[in-house]
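Novice: Okay, here's the structure, questions in a sec.
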Amino acid sequence: MYSNGSEDLHTIHNQVMSTINLFWMRQEKGQSLQSFRDQFAAMRQVCEQLGLNIGQSGQGVRAVLKKEGVTDPTTEQLKQAKERAVEEFFSILFMYMVDRQKYSRVVEDLEQLTEEERHVTEEYE
């Protein structure tokens, strides 16, 4: 990434590089989960500071509202659903980036839960 006061001139490049760096992250062998979480959080913060809205989507918000049974959301409910959708997005992303040998069972459980939620959602559509 560019720095030394040239950030504004290279904003788009910095956004692209930050996005690539975020999605290429993986927990290294021997790296503690806490250390990786801190690294992940720092990269997420860089992306947010560059104005990237990673994880924000209307579909995610609608999914959160649907899970909660909200059909006519208030402005505050929409705001909270947006925040929860982003947090869920980053939580799932983080789980796929951890050391699969150490945490494979957790990731498999998450995948199973996600598959079950998909089936429940499809039944109500």
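Note on naming: chains are A, B, ... as they come in the structure tokens, residues start from 1 per chain, ligands start from 1 in the order shown.
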Residues within 12 Å of Met95 of chain A, please, as a list in words. Count only C-alpha atoms; anything in the same chain fewer than 3 positions from it doesn't count.
Specialist: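 Using only C-alpha atoms, the neighbours found are Met25, Arg26, Gln27, Leu33, Phe36, Arg37, Phe40, Glu88, Phe89, Phe90, Ser91, Ile92, Val98, Asp99, Arg100, Lys102, Tyr103, Ser104, Arg105, Val106, Val107, Glu108, Asp109, Leu110 and Glu111 of chain A.
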Novice: Would you return as a ChimeraX atom specification the members of chain A that DSSP assigns to helix (DSSP H, G or I) on this structure's backbone?
Specialist: /A:8-24,33-49,58-67,75-97,100-124
Novice: Just to confirm, what's the straight-line distance from atom CA of Arg62 of chain A to atom CA of Glu48 of chain A in Å (one decimal)?
Specialist: 22.1 Å
Novice: Which residue out of A:Gly58, A:Pro73, A:Gly51, A:Gly30 has the minimum interatomic distance to Val86 of chain A when only C-alpha atoms are used?
Specialist: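 Answer, going by the shortest atom-to-atom distance: A:Gly58.
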Novice: Do a neighbour search on Gln49 of chain A at 10 Å with only C-alpha atoms, toss out local chain neighbours closer than 5 positions, and write the hits as a list in words.
Specialist: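 Using only C-alpha atoms, the neighbours found are Gln15, Met43 and Arg44 of chain A.
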Novice: Rounded to one decimal, what separation in Å do you get between atom CA of Thr74 of chain A and atom CA of Gly60 of chain A?
Specialist: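 The value is 16.5 Å.
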Novice: Find the distance between atom CA of Leu22 of chain A and atom CA of Lys67 of chain A and write it in Å to one decimal.
Specialist: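 Between atom CA of Leu22 of chain A and atom CA of Lys67 of chain A the gap works out to 28.0 Å.
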Novice: With only C-alpha atoms as the atoms that count, which of A:Arg84, A:Lys79, A:Lys29, A:Lys66 lies nearest to Gln101 of chain A?
Specialist: A:Lys29
